[in-house]
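Peer 1: To be precise about what I am sending: the file is called structure_18.pdb and holds PDB, C-alpha atoms.
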ATOM      1  CA  MET A   1    -256.620  18.706 102.656
ATOM      2  CA  ALA A   2    -256.151  20.577 105.915
ATOM      3  CA  THR A   3    -253.583  23.350 105.772
ATOM      4  CA  GLU A   4    -250.351  23.499 107.735
ATOM      5  CA  ARG A   5    -251.968  26.151 109.910
ATOM      6  CA  PHE A   6    -254.645  23.666 111.002
ATOM      7  CA  PHE A   7    -252.016  21.119 112.025
ATOM      8  CA  LYS A   8    -250.273  23.780 114.124
ATOM      9  CA  LEU A   9    -253.407  24.286 116.226
ATOM     10  CA  PRO A  10    -253.519  22.740 119.706
ATOM     11  CA  ALA A  11    -254.912  19.206 119.613
ATOM     12  CA  GLU A  12    -257.958  20.257 121.651
ATOM     13  CA  LYS A  13    -258.896  22.954 119.117
ATOM     14  CA  GLN A  14    -258.400  20.595 116.163
ATOM     15  CA  LYS A  15    -260.706  18.108 117.870
ATOM     16  CA  ARG A  16    -263.313  20.787 118.555
ATOM     17  CA  ILE A  17    -263.392  21.822 114.892
ATOM     18  CA  LEU A  18    -263.576  18.250 113.612
ATOM     19  CA  ASP A  19    -266.239  17.293 116.171
ATOM     20  CA  ALA A  20    -268.359  20.251 115.039
ATOM     21  CA  ALA A  21    -267.836  19.303 111.400
ATOM     22  CA  ARG A  22    -268.750  15.647 111.936
ATOM     23  CA  GLU A  23    -271.881  16.674 113.829
ATOM     24  CA  GLU A  24    -272.998  18.882 110.937
ATOM     25  CA  PHE A  25    -272.120  16.375 108.208
ATOM     26  CA  ALA A  26    -274.078  13.700 110.093
ATOM     27  CA  ARG A  27    -277.079  16.008 110.491
ATOM     28  CA  VAL A  28    -277.955  16.983 106.905
ATOM     29  CA  PRO A  29    -277.159  16.050 103.280
ATOM     30  CA  PHE A  30    -273.870  17.441 101.971
ATOM     31  CA  GLU A  31    -275.562  20.148  99.875
ATOM     32  CA  GLU A  32    -277.241  21.504 103.025
ATOM     33  CA  VAL A  33    -274.169  21.467 105.259
ATOM     34  CA  SER A  34    -273.646  24.919 106.738
ATOM     35  CA  ILE A  35    -270.148  26.237 107.330
ATOM     36  CA  ASN A  36    -271.761  28.890 109.530
ATOM     37  CA  GLN A  37    -273.136  26.143 111.773
ATOM     38  CA  ILE A  38    -269.753  24.424 111.926
ATOM     39  CA  ILE A  39    -267.864  27.553 112.916
ATOM     40  CA  LYS A  40    -270.557  28.458 115.457
ATOM     41  CA  ASN A  41    -270.325  25.043 117.140
ATOM     42  CA  ALA A  42    -266.524  25.058 116.930
ATOM     43  CA  GLY A  43    -266.224  28.584 118.331
ATOM     44  CA  ILE A  44    -264.063  29.939 115.483
ATOM     45  CA  SER A  45    -264.463  32.737 112.963
ATOM     46  CA  ARG A  46    -265.374  32.245 109.309
ATOM     47  CA  GLY A  47    -262.038  33.757 108.332
ATOM     48  CA  SER A  48    -260.190  31.250 110.491
ATOM     49  CA  PHE A  49    -262.079  28.362 108.909
ATOM     50  CA  TYR A  50    -260.807  29.298 105.451
ATOM     51  CA  THR A  51    -257.236  29.353 106.703
ATOM     52  CA  TYR A  52    -257.691  25.705 107.757
ATOM     53  CA  PHE A  53    -259.753  24.302 104.861
ATOM     54  CA  GLU A  54    -260.496  25.377 101.310
ATOM     55  CA  ASP A  55    -264.228  24.627 101.522
ATOM     56  CA  LYS A  56    -266.656  22.070 102.942
ATOM     57  CA  GLU A  57    -265.657  19.571 100.247
ATOM     58  CA  ASP A  58    -262.056  19.858 101.379
ATOM     59  CA  LEU A  59    -263.234  19.348 104.967
ATOM     60  CA  ILE A  60    -265.271  16.200 104.247
ATOM     61  CA  ASP A  61    -262.311  14.770 102.320
ATOM     62  CA  PHE A  62    -260.126  15.329 105.369
ATOM     63  CA  ILE A  63    -262.683  13.673 107.667
ATOM     64  CA  PHE A  64    -262.805  10.625 105.403
ATOM     65  CA  GLN A  65    -259.001  10.520 105.356
ATOM     66  CA  GLU A  66    -258.948  10.606 109.151
ATOM     67  CA  GLN A  67    -261.460   7.756 109.290
ATOM     68  CA  GLU A  68    -259.294   5.809 106.858
ATOM     69  CA  ARG A  69    -256.192   6.444 108.967
ATOM     70  CA  MET A  70    -257.943   5.177 112.120
ATOM     71  CA  ALA A  71    -259.177   2.123 110.215
ATOM     72  CA  TYR A  72    -255.652   1.386 108.981
ATOM     73  CA  ASP A  73    -254.253   1.712 112.511
ATOM     74  CA  SER A  74    -256.832  -0.732 113.852
ATOM     75  CA  LEU A  75    -256.162  -3.133 110.964
ATOM     76  CA  LYS A  76    -252.476  -3.204 111.848
ATOM     77  CA  GLN A  77    -253.172  -3.862 115.527
ATOM     78  CA  VAL A  78    -255.561  -6.740 114.796
ATOM     79  CA  CYS A  79    -253.082  -8.213 112.328
ATOM     80  CA  LEU A  80    -250.429  -8.198 115.059
ATOM     81  CA  ASP A  81    -252.888  -9.707 117.544
ATOM     82  CA  CYS A  82    -253.496 -12.531 115.032
ATOM     83  CA  ASN A  83    -249.734 -13.131 114.664
ATOM     84  CA  GLY A  84    -249.808 -12.229 110.988
ATOM     85  CA  ASP A  85    -252.509 -14.768 110.049
ATOM     86  CA  TYR A  86    -253.976 -12.737 107.191
ATOM     87  CA  TRP A  87    -257.204 -14.677 106.765
ATOM     88  CA  LEU A  88    -257.951 -14.795 110.478
ATOM     89  CA  PHE A  89    -257.204 -11.105 110.855
ATOM     90  CA  LEU A  90    -259.694 -10.125 108.117
ATOM     91  CA  ARG A  91    -262.492 -11.946 109.939
ATOM     92  CA  LYS A  92    -261.470 -10.737 113.407
ATOM     93  CA  TRP A  93    -261.231  -7.086 112.332
ATOM     94  CA  LEU A  94    -264.658  -7.206 110.704
ATOM     95  CA  GLU A  95    -266.255  -8.896 113.708
ATOM     96  CA  LEU A  96    -264.578  -6.483 116.126
ATOM     97  CA  THR A  97    -265.589  -3.367 114.199
ATOM     98  CA  VAL A  98    -269.174  -4.569 113.762
ATOM     99  CA  SER A  99    -269.327  -5.218 117.515
ATOM    100  CA  TYR A 100    -268.656  -1.491 118.015
ATOM    101  CA  GLY A 101    -271.727  -0.671 115.897
ATOM    102  CA  GLU A 102    -273.627   0.831 118.824
ATOM    103  CA  SER A 103    -270.774   3.132 119.853
ATOM    104  CA  ASP A 104    -271.256   6.863 119.292
ATOM    105  CA  ILE A 105    -268.311   7.194 116.893
ATOM    106  CA  ILE A 106    -269.504   4.336 114.666
ATOM    107  CA  LYS A 107    -273.080   5.614 114.708
ATOM    108  CA  GLN A 108    -271.846   9.057 113.689
ATOM    109  CA  SER A 109    -269.644   7.623 110.929
ATOM    110  CA  VAL A 110    -272.624   5.693 109.558
ATOM    111  CA  ALA A 111    -274.752   8.838 109.687
ATOM    112  CA  ILE A 112    -272.098  10.749 107.737
ATOM    113  CA  PHE A 113    -272.077   8.045 105.079
ATOM    114  CA  LYS A 114    -275.868   8.226 104.851
ATOM    115  CA  THR A 115    -275.943  12.006 104.480
ATOM    116  CA  CYS A 116    -272.677  12.700 102.652
ATOM    117  CA  GLY A 117    -270.785   9.495 102.059
ATOM    118  CA  PHE A 118    -272.403   8.050  98.973
ATOM    119  CA  ARG A 119    -271.406  11.030  96.868
ATOM    120  CA  ASN A 120    -267.863  10.538  98.182
ATOM    121  CA  LEU A 121    -267.562   6.756  97.938
ATOM    122  CA  ASP A 122    -265.440   7.063  94.807
ATOM    123  CA  ARG A 123    -262.874   8.951  96.857
ATOM    124  CA  GLN A 124    -262.865   6.167  99.436
ATOM    125  CA  PHE A 125    -262.024   3.622  96.768
ATOM    126  CA  GLY A 126    -259.458   5.548  94.789
ATOM    127  CA  HIS A 127    -261.523   7.435  92.182
ATOM    128  CA  VAL A 128    -260.890  10.942  93.456
ATOM    129  CA  ARG A 129    -261.450  14.355  91.999
ATOM    130  CA  ASP A 130    -257.882  15.496  91.288
ATOM    131  CA  ASP A 131    -254.318  14.290  91.038
ATOM    132  CA  SER A 132    -253.296  15.393  94.544
ATOM    133  CA  HIS A 133    -256.123  13.418  96.167
ATOM    134  CA  ARG A 134    -255.444  10.450  93.912
ATOM    135  CA  GLU A 135    -251.739  10.409  94.762
ATOM    136  CA  ARG A 136    -252.445  10.817  98.477
ATOM    137  CA  ASN A 137    -254.864   7.880  98.442
ATOM    138  CA  LYS A 138    -252.437   5.759  96.444
ATOM    139  CA  ALA A 139    -249.597   6.555  98.867
ATOM    140  CA  ALA A 140    -251.744   5.632 101.904
ATOM    141  CA  GLN A 141    -252.792   2.350 100.328
ATOM    142  CA  GLN A 142    -249.215   1.515  99.361
ATOM    143  CA  GLU A 143    -247.981   2.277 102.880
ATOM    144  CA  LEU A 144    -250.518  -0.189 104.251
ATOM    145  CA  ASN A 145    -249.523  -2.782 101.642
ATOM    146  CA  ASP A 146    -245.860  -2.361 102.603
ATOM    147  CA  TRP A 147    -246.716  -2.801 106.276
ATOM    148  CA  LEU A 148    -248.748  -5.936 105.603
ATOM    149  CA  TYR A 149    -246.004  -7.356 103.388
ATOM    150  CA  ALA A 150    -243.590  -7.002 106.299
ATOM    151  CA  HIS A 151    -245.915  -8.414 108.984
ATOM    152  CA  VAL A 152    -248.080 -11.084 107.349
ATOM    153  CA  ASP A 153    -247.026 -14.657 108.078
ATOM    154  CA  PRO A 154    -245.407 -16.009 104.857
ATOM    155  CA  ASP A 155    -246.728 -19.469 105.727
ATOM    156  CA  ILE A 156    -250.247 -18.044 105.465
ATOM    157  CA  VAL A 157    -249.819 -15.873 102.357
ATOM    158  CA  ASP A 158    -247.388 -16.909  99.628
ATOM    159  CA  LEU A 159    -244.995 -13.956  99.543
ATOM    160  CA  THR A 160    -242.788 -15.656  96.947
ATOM    161  CA  ARG A 161    -245.222 -14.441  94.313
ATOM    162  CA  SER A 162    -244.419 -11.192  92.566
ATOM    163  CA  ARG A 163    -244.915  -8.084  94.675
ATOM    164  CA  GLU A 164    -247.504  -6.876  92.196
ATOM    165  CA  GLU A 165    -249.599 -10.020  92.730
ATOM    166  CA  VAL A 166    -249.363  -9.706  96.523
ATOM    167  CA  ASP A 167    -250.379  -6.046  96.366
ATOM    168  CA  ILE A 168    -253.393  -6.992  94.230
ATOM    169  CA  LEU A 169    -254.356  -9.590  96.837
ATOM    170  CA  PHE A 170    -254.180  -7.006  99.619
ATOM    171  CA  HIS A 171    -256.063  -4.412  97.566
ATOM    172  CA  VAL A 172    -258.928  -6.711  96.551
ATOM    173  CA  THR A 173    -259.443  -8.284  99.969
ATOM    174  CA  LEU A 174    -259.258  -5.005 101.894
ATOM    175  CA  LYS A 175    -261.551  -3.205  99.460
ATOM    176  CA  THR A 176    -264.085  -6.017  99.892
ATOM    177  CA  LEU A 177    -263.567  -5.904 103.667
ATOM    178  CA  PHE A 178    -264.389  -2.183 103.875
ATOM    179  CA  THR A 179    -267.346  -2.509 101.493
ATOM    180  CA  THR A 180    -268.730  -5.386 103.556
ATOM    181  CA  LEU A 181    -268.351  -3.379 106.766
ATOM    182  CA  LEU A 182    -270.305  -0.500 105.252
ATOM    183  CA  HIS A 183    -273.047  -2.833 104.055
ATOM    184  CA  ILE A 184    -273.311  -4.500 107.462
ATOM    185  CA  LEU A 185    -273.529  -1.206 109.316
ATOM    186  CA  LEU A 186    -276.266  -0.023 106.961
ATOM    187  CA  CYS A 187    -278.292  -3.229 107.263
ATOM    188  CA  GLU A 188    -281.776  -2.869 108.713
ATOM    189  CA  SER A 189    -281.757  -6.188 110.584
ATOM    190  CA  LYS A 190    -279.443  -8.616 112.361
ATOM    191  CA  GLU A 191    -280.386 -11.277 109.808
ATOM    192  CA  GLU A 192    -279.182  -9.074 106.949
ATOM    193  CA  GLN A 193    -275.959  -8.424 108.841
ATOM    194  CA  LYS A 194    -275.466 -12.145 109.329
ATOM    195  CA  LEU A 195    -275.922 -12.811 105.604
ATOM    196  CA  CYS A 196    -273.411 -10.091 104.697
ATOM    197  CA  MET A 197    -270.902 -11.609 107.116
ATOM    198  CA  GLN A 198    -271.435 -15.076 105.654
ATOM    199  CA  ASP A 199    -270.932 -13.759 102.118
ATOM    200  CA  PHE A 200    -267.658 -12.142 103.152
ATOM    201  CA  LEU A 201    -266.390 -15.317 104.827
ATOM    202  CA  ARG A 202    -267.223 -17.296 101.662
ATOM    203  CA  PHE A 203    -265.331 -14.704  99.642
ATOM    204  CA  VAL A 204    -262.303 -15.085 101.927
ATOM    205  CA  GLU A 205    -262.419 -18.868 101.544
ATOM    206  CA  LEU A 206    -262.575 -18.518  97.767
ATOM    207  CA  ILE A 207    -259.567 -16.191  97.678
ATOM    208  CA  LYS A 208    -257.660 -18.283 100.228
ATOM    209  CA  TYR A 209    -257.969 -21.572  98.375
ATOM    210  CA  GLY A 210    -258.472 -20.253  94.859
ATOM    211  CA  ALA A 211    -258.848 -22.598  91.944
ATOM    212  CA  ALA A 212    -257.211 -25.428  93.886
ATOM    213  CA  GLY A 213    -260.342 -25.603  96.029
ATOM    214  CA  LYS A 214    -260.970 -28.979  97.630
ATOM    215  CA  LYS A 215    -257.616 -30.380  96.544
ATOM    216  CA  LEU A 216    -255.714 -27.683  98.463
ATOM    217  CA  ARG A 217    -257.909 -28.082 101.546
ATOM    218  CA  GLU A 218    -257.124 -31.786 101.637
ATOM    219  CA  ASN A 219    -253.420 -31.000 101.693
ATOM    220  CA  THR A 220    -253.619 -28.406 104.489
TER
END
Starting from the coordinates I provided, produce the structure as structure tokens.
Peer 2:
Amino acid sequence: MATERFFKLPAEKQKRILDAAREEFARVPFEEVSINQIIKNAGISRGSFYTYFEDKEDLIDFIFQEQERMAYDSLKQVCLDCNGDYWLFLRKWLELTVSYGESDIIKQSVAIFKTCGFRNLDRQFGHVRDDSHRERNKAAQQELNDWLYAHVDPDIVDLTRSREEVDILFHVTLKTLFTTLLHILLCESKEEQKLCMQDFLRFVELIKYGAAGKKLRENT
């Protein structure tokens, strides 16, 4: 995790360091990432780097956390735009994010996953290397769950269920949402992307109607 000293840097310098880091992580596999190249591109000293981050593993963790934070912010905005319709918002967010697939930031994020991300996927989905990372991930996920619980339309999602059951619903659907996004962005063809999208929409329908299936549809 970035140190307090990093957060005290001017926003422009923070951005310069993170931009240099993302460029390097997108360029080569994690084992070949050069801190010397990062500090050269960022215009900082090696000594300064180690006052901001413990090592390159600490840095990539922070980059993934920043990507997660931006994803959570966009999730919240789309949920509001959909007036709390949980099922609609899942589809809209996925379609919107996929539509940005040609943007530089998405292309770079995909490149980072290709070069460094697969060895870090466990961290993205809660299986992290130490207790501090695990607790930080759990707290971020719970904060998002709390926000959704307060903003999702109760006529769309049954919030009279136990809070544990609702949290499981959020966790499972969002985990599948992020996994689907990654798969779509890594697809080699538009046809593969289309199939991934269709699979996700079928999954949403299954979760939405559950075991009641056709009977519930007929009553809605």
Peer 1: Neighbours of Cys196 of chain A within 9 Å (all atoms listed in the file; same-chain residues fewer than 3 positions away dropped), as a list of chain:residue names?
Peer 2: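 So the residues in contact are A:Thr180, A:Leu181, A:His183, A:Ile184, A:Cys187, A:Glu191, A:Glu192, A:Gln193, A:Asp199, A:Phe200, A:Leu201.
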Peer 1: Could I get the residues of segment 31-101 of chain A with an atom no further than 10 Å from an atom of segment 105-110 of chain A, each paired with its nearest atom pair and that distance in Å to one decimal, using all atoms listed in the file, sorted by chain and residue number, as JSON lines?
Peer 2:
{"residue": "A:Ile63", "atom": "CA", "partner": "A:Ser109", "partner_atom": "CA", "distance": 9.8}
{"residue": "A:Phe64", "atom": "CA", "partner": "A:Ser109", "partner_atom": "CA", "distance": 9.3}
{"residue": "A:Gln67", "atom": "CA", "partner": "A:Ser109", "partner_atom": "CA", "distance": 8.3}
{"residue": "A:Thr97", "atom": "CA", "partner": "A:Ile106", "partner_atom": "CA", "distance": 8.7}
{"residue": "A:Val98", "atom": "CA", "partner": "A:Ile106", "partner_atom": "CA", "distance": 9.0}
{"residue": "A:Ser99", "atom": "CA", "partner": "A:Ile106", "partner_atom": "CA", "distance": 10.0}
{"residue": "A:Tyr100", "atom": "CA", "partner": "A:Ile106", "partner_atom": "CA", "distance": 6.8}
{"residue": "A:Gly101", "atom": "CA", "partner": "A:Ile106", "partner_atom": "CA", "distance": 5.6}
Peer 1: Kindly give the distance, in Å, that separates atom CA of Leu148 of chain A and atom CA of Arg136 of chain A, rounded to a single decimal.
Peer 2: 18.6 Å
Peer 1: List the residues selected by the PyMOL selection byres ((chain A and resi 20) around 9) in the file shown, writing them as a ChimeraX atom specification.
Peer 2: /A:15-19,21-25,37-42
Peer 1: Got time to write the residues from that selection, C-alpha atoms, as a PDB file, in the frame of the given file?
Peer 2:
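Generated output (part_26.pdb):
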ATOM      1  CA  LYS A  15    -260.706  18.108 117.870  1.00  0.00           C
ATOM      2  CA  ARG A  16    -263.313  20.787 118.555  1.00  0.00           C
ATOM      3  CA  ILE A  17    -263.392  21.822 114.892  1.00  0.00           C
ATOM      4  CA  LEU A  18    -263.576  18.250 113.612  1.00  0.00           C
ATOM      5  CA  ASP A  19    -266.239  17.293 116.171  1.00  0.00           C
ATOM      6  CA  ALA A  21    -267.836  19.303 111.400  1.00  0.00           C
ATOM      7  CA  ARG A  22    -268.750  15.647 111.936  1.00  0.00           C
ATOM      8  CA  GLU A  23    -271.881  16.674 113.829  1.00  0.00           C
ATOM      9  CA  GLU A  24    -272.998  18.882 110.937  1.00  0.00           C
ATOM     10  CA  PHE A  25    -272.120  16.375 108.208  1.00  0.00           C
ATOM     11  CA  GLN A  37    -273.136  26.143 111.773  1.00  0.00           C
ATOM     12  CA  ILE A  38    -269.753  24.424 111.926  1.00  0.00           C
ATOM     13  CA  ILE A  39    -267.864  27.553 112.916  1.00  0.00           C
ATOM     14  CA  LYS A  40    -270.557  28.458 115.457  1.00  0.00           C
ATOM     15  CA  ASN A  41    -270.325  25.043 117.140  1.00  0.00           C
ATOM     16  CA  ALA A  42    -266.524  25.058 116.930  1.00  0.00           C
TER      17      ALA A  42
END
Peer 1: Enumerate, as a ChimeraX atom specification, the residues matched when the PyMOL selection byres ((chain A and resi 49) around 10) is run on the file above.
Peer 2: /A:6,17,35-36,38-39,42,44-48,50-56,59
Peer 1: Quick one: of A:Leu182, A:Ile60, A:Leu75, A:Leu195, who's nearest to Glu31 of chain A, counting all atoms listed in the file?
Peer 2: A:Ile60
Peer 1: Take atom CA of Val28 of chain A and atom CA of Lys114 of chain A and report the distance between them in Å, one decimal.
Peer 2: 9.2 Å
Peer 1: Rounded to one decimal in Å, what is the spacing between atom CA of Glu95 of chain A and atom CA of Leu177 of chain A?
Peer 2: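 About the pair atom CA of Glu95 of chain A and atom CA of Leu177 of chain A: they are 10.8 Å apart.
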Peer 1: Can you find the residues with an atom no farther than 9 Å from (-250.9, -1.4, 98.1), counting only C-alpha atoms, and report them as a PyMOL selection string?
Peer 2: chain A and resi 138-146+164+166-171
Peer 1: Report the centre and edge lengths, in Å to one decimal, of an axis-aligned box enclosing every atom of segment 91-96 of chain A listed in the file, padded by 4 Å on each side, as AutoDock Vina command-line options.
Peer 2:
--center_x -263.7 --center_y -9.2 --center_z 113.0 --size_x 13.0 --size_y 13.5 --size_z 14.2
Peer 1: When the PyMOL selection byres ((chain A and resi 151) around 9) is applied to the structure above, which residues does it catch, written out as a compact mmCIF listing (two decimals) with C-alpha atoms, in the coordinates of the input?
Peer 2:
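Output below, filename part_17.txt:
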# COMPACT_ATOMS: atom_id res chain seq x y z
CA LYS A 76 -252.48 -3.20 111.85
CA CYS A 79 -253.08 -8.21 112.33
CA LEU A 80 -250.43 -8.20 115.06
CA ASN A 83 -249.73 -13.13 114.66
CA GLY A 84 -249.81 -12.23 110.99
CA ASP A 146 -245.86 -2.36 102.60
CA TRP A 147 -246.72 -2.80 106.28
CA LEU A 148 -248.75 -5.94 105.60
CA TYR A 149 -246.00 -7.36 103.39
CA ALA A 150 -243.59 -7.00 106.30
CA VAL A 152 -248.08 -11.08 107.35
CA ASP A 153 -247.03 -14.66 108.08
CA PRO A 154 -245.41 -16.01 104.86
Peer 1: Which residue gives the smallest distance to Lys175 of chain A among A:Ile156, A:Glu68, A:Cys82, A:Leu206, with only C-alpha atoms counted?
Peer 2: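 For Lys175 of chain A, the nearest of the candidates is A:Glu68.
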Peer 1: For a quick check of understanding, using all atoms listed in the file, which of A:Asp73, A:Glu102, A:Glu66, A:Glu188 has the smallest distance to Asn137 of chain A?
Peer 2: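 Closest to Asn137 of chain A of all the choices is A:Glu66.
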Peer 1: Looking at all atoms listed in the file, which of A:Ala26, A:Gln77, A:Arg202, A:Tyr86 is the one that sits closest to Leu159 of chain A?
Peer 2: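 Between A:Ala26, A:Gln77, A:Arg202, A:Tyr86, the residue approaching Leu159 of chain A most closely is A:Tyr86.
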Peer 1: Go through A:Val204, A:Leu185, A:Val172, A:Val157 one by one, measure the shortest atom-to-atom distance of each to Asp85 of chain A using only C-alpha atoms, and give the residue with the smallest value.
Peer 2: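 Checking each candidate against Asp85 of chain A, we get A:Val157 as the closest.
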Peer 1: Closest to Ala71 of chain A among A:Met1, A:Leu94, A:Leu9, A:Val33, using only C-alpha atoms?
Peer 2: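 Among A:Met1, A:Leu94, A:Leu9, A:Val33, it is A:Leu94 that comes nearest to Ala71 of chain A.
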